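Worksheet: one structure, shown below.
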Amino acid sequence: MDFSLNDEQKMMIDTVRRFIADELKPLEDELELNGSLPQAKALAVHNKAKELGLYGMNMPPELGGGGLSNLDRILCEEQFGHTTDYLIRRAFGNVYEPLLHCKGAQVNRWLKPAVAGMRTCAIAITEPGAGSDAAGIKTRATQQADGSWRLNGGKHFISDGEWSDFFLVSAKTGDKEISMFMVDKGLPGFTVGKDQIMMGLRGTPHLELFFDNVPLEAVTLLGEQGQGFKLAMGALNVVRLAQVGARAVGKASRVLALMVDFANQRQQFNTKIGDFQMIQQQIADSVIEVNAARWMVYQAAWMLDQGLDAREQIAMVKVHAAETLGRVVDRAVQVFGGMGFCKELPIERYYRDARIYRIFDGTSEIHRGVIAKSTLKKGAALFDINC
């Protein structure tokens, strides 16, 4: 496998990086200060990204998307990590892969408008009693005599729920059966609850959703009945690789660049602090870990492009990239000293934002369990190149 960048990939990365620098970074301080952006500014970013073809890049070109391979998407997602979650969502969109299971009337009602950025969606799996245990949900959809459904239950920690027009909701349709539904905001009995304010990720709402006998047309069932858990896990695997793994590498790279610049400029005892061995160790360890995490991300993306099963590799990425980001940002706070703890610089913001990476989309502990069980079953195939 060859991970050297070709000219098209370099141009793609340059375009995304330039858009982030010119259009998104100038908004970061305002977003951090106020916890939101005026609707007009958010829409302006959204529309400009669409004009440049930067929206829905993971979707097939015949639907109006970018048609990127998994590896090319990962290259872009790494750049997304250089800015904040809210701005990533506004500019580049979250068009979830389960929508590709739309058929018939569903295509024009939900899929194409989502790819075009005309309707935005959020995925709603997590519940108060079902976080890492996605199969433990209590929300239930009951089929009616005419083929329609009634939805009851609730979700929480639903990212971007305020901005979204509809939701991909997982619900039980039998004792051991989970299905997925496309649920439009505004339906009778559908209530949006409070925003659960987070330590980091300023601007991105994390809402509660409540379903009280919400009427759902038969057409809202996504894929086949009973396929919901498979759709959810497929979506989460992509999220873990792209939105967690690749973005963690990008964010760690951004923080590391700031750390290096500061170490070359800041002087103590008439010497640049970058000349101190203890600071050099912080930088060296960060460079090693960022590169290791990046190659893990690239390998998993390459495997997906080859049609290979990369579930264990993605679990490894989720753990290593998330924890690498945490260590790099922690070192950056130490290198910056008091200024690293100040809101005047973005380091403390990166520190707060980084902490959630070890928790969302499956905790590090859950993924370590997955990796260990797979290794005990498959043996050296997961760590020996010649097996």
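Residues in the structure tokens are numbered from 1 in each chain, the chains being A, B, ... in the order shown, and ligands are numbered from 1 in the order shown.
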Which residues are close to A:Ala300, i.e. within 9 Å by only C-alpha atoms, leaving aside same-chain residues fewer than 5 positions away? Reply as a PyMOL selection string. chain A and resi 71+241+295+305+310-311+313-314+317
I want to know what sits within 6 Å of A:Ala242, based on only C-alpha atoms, with residues of the same chain fewer than 4 positions away left out; could you give that as a list of chain:residue names? A:Ile74, A:Glu77, A:Val238, A:Ala246
Among stretch 80-228 of chain A, which ones does DSSP place in strand (DSSP E), written as an MDAnalysis selection string? chainID A and resid 121:124 140:143 149:159 166:174 177:184 190:195 206:216 221:222
Counting only C-alpha atoms, the option among A:Pro346, A:Thr173, A:Gly203, A:Leu75 closest to A:Pro38: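 When distances to A:Pro38 are compared using only C-alpha atoms, the smallest one comes from A:Gly203.
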Atom CA of A:Tyr298 and atom CA of A:Phe383 are how many Å apart?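 Pair atom CA of A:Tyr298 / atom CA of A:Phe383 returns 16.4 Å.
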Name all residues at most 8 Å from stretch 257-267 of chain A (count only C-alpha atoms; drop same-chain ones fewer than 3 positions away) and give them as an MDAnalysis selection string. chainID A and resid 253:254 270:274 279 283 332 335:336
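Residues in contact with A:Asn6 at up to 12 Å, not including ones fewer than 5 positions away on its chain and judged by only C-alpha atoms, are A:Met11, A:Met12, A:Ile13, A:Asp72, A:Leu75.
Counting only C-alpha atoms, the residue from A:Arg247, A:Thr220, A:Gly186, A:Val239 that sits nearest to A:Gln79 is A:Arg247.
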For A:Arg150, find every residue with an atom within 10 Å (counting only C-alpha atoms), except residues of its own chain fewer than 5 positions away, and show them as a PyMOL selection string. chain A and resi 140-144+189+211-217
Write the residues of the preceding selection, restricted to N, CA and C atoms, as a PDB file, in the first residue's frame.
ATOM      1  N   ARG A 140     -39.358   2.461  21.371  1.00  0.00           N
ATOM      2  CA  ARG A 140     -40.062   1.383  20.669  1.00  0.00           C
ATOM      3  C   ARG A 140     -40.970   1.961  19.588  1.00  0.00           C
ATOM      4  N   ALA A 141     -41.004   1.288  18.450  1.00  0.00           N
ATOM      5  CA  ALA A 141     -41.939   1.611  17.371  1.00  0.00           C
ATOM      6  C   ALA A 141     -42.896   0.435  17.204  1.00  0.00           C
ATOM      7  N   THR A 142     -44.185   0.734  17.260  1.00  0.00           N
ATOM      8  CA  THR A 142     -45.209  -0.305  17.160  1.00  0.00           C
ATOM      9  C   THR A 142     -45.961  -0.135  15.848  1.00  0.00           C
ATOM     10  N   GLN A 143     -46.021  -1.200  15.062  1.00  0.00           N
ATOM     11  CA  GLN A 143     -46.683  -1.116  13.761  1.00  0.00           C
ATOM     12  C   GLN A 143     -48.194  -1.187  13.912  1.00  0.00           C
ATOM     13  N   GLN A 144     -48.868  -0.359  13.109  1.00  0.00           N
ATOM     14  CA  GLN A 144     -50.319  -0.303  13.113  1.00  0.00           C
ATOM     15  C   GLN A 144     -50.889  -1.170  11.986  1.00  0.00           C
ATOM     16  N   GLY A 189     -46.420  14.946  18.923  1.00  0.00           N
ATOM     17  CA  GLY A 189     -45.862  14.099  19.962  1.00  0.00           C
ATOM     18  C   GLY A 189     -44.350  14.071  20.024  1.00  0.00           C
ATOM     19  N   PHE A 211     -40.443  11.137  22.393  1.00  0.00           N
ATOM     20  CA  PHE A 211     -41.438  10.648  21.441  1.00  0.00           C
ATOM     21  C   PHE A 211     -42.642  10.106  22.212  1.00  0.00           C
ATOM     22  N   ASP A 212     -43.761  10.775  22.074  1.00  0.00           N
ATOM     23  CA  ASP A 212     -44.987  10.382  22.759  1.00  0.00           C
ATOM     24  C   ASP A 212     -46.043  10.013  21.721  1.00  0.00           C
ATOM     25  N   ASN A 213     -46.051   8.720  21.377  1.00  0.00           N
ATOM     26  CA  ASN A 213     -47.012   8.210  20.395  1.00  0.00           C
ATOM     27  C   ASN A 213     -46.916   8.967  19.067  1.00  0.00           C
ATOM     28  N   VAL A 214     -45.681   9.205  18.620  1.00  0.00           N
ATOM     29  CA  VAL A 214     -45.441   9.954  17.379  1.00  0.00           C
ATOM     30  C   VAL A 214     -45.876   9.105  16.185  1.00  0.00           C
ATOM     31  N   PRO A 215     -46.757   9.632  15.312  1.00  0.00           N
ATOM     32  CA  PRO A 215     -47.197   8.866  14.147  1.00  0.00           C
ATOM     33  C   PRO A 215     -46.138   8.892  13.043  1.00  0.00           C
ATOM     34  N   LEU A 216     -45.770   7.711  12.558  1.00  0.00           N
ATOM     35  CA  LEU A 216     -44.787   7.600  11.487  1.00  0.00           C
ATOM     36  C   LEU A 216     -45.407   6.856  10.306  1.00  0.00           C
ATOM     37  N   GLU A 217     -45.283   7.438   9.142  1.00  0.00           N
ATOM     38  CA  GLU A 217     -45.758   6.756   7.941  1.00  0.00           C
ATOM     39  C   GLU A 217     -44.919   5.505   7.693  1.00  0.00           C
TER      40      GLU A 217
END
Considering only C-alpha atoms, give me a table of residues in stretch 81-106 of chain A that are at most 7 Å from stretch 41-50 of chain A, with the closest atom pair and distance in Å for each, as JSON lines.
{"residue": "A:Arg90", "atom": "CA", "partner": "A:His46", "partner_atom": "CA", "distance": 5.1}
{"residue": "A:Ala91", "atom": "CA", "partner": "A:His46", "partner_atom": "CA", "distance": 4.6}
{"residue": "A:Phe92", "atom": "CA", "partner": "A:Ala49", "partner_atom": "CA", "distance": 6.6}
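Near A:Val115, within 10 Å and counting only C-alpha atoms, sit Lys50, Tyr55, Gly56, Met57, Asn58, Met59, Pro60, Pro61, Leu63, Gly64, Gly65, Gly66, Gly93, Asn94, Val95, Tyr96, Leu99, Trp110, Leu111, Lys112, Met118, Arg119 and Thr120 of chain A, not including residues fewer than 3 positions from it in the same chain.
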At a cut-off of 12 Å, using only C-alpha atoms, what residues contact A:Lys230? Leave out same-chain residues fewer than 2 positions from it and give the result as a ChimeraX atom specification. /A:97-98,101,134-135,170,177-180,222-228,232-237
Using DSSP on the backbone coordinates, identify all residues within stretch 191-231 of chain A classified as helix (DSSP H, G or I); present the result as a PyMOL selection string. chain A and resi 218-220+228-231
Using only C-alpha atoms, can you tell me which of A:Arg240, A:Arg89, A:Arg331, A:Arg294 comes closest to A:Gln280?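 Distance minimum relative to A:Gln280 lands on A:Arg331.
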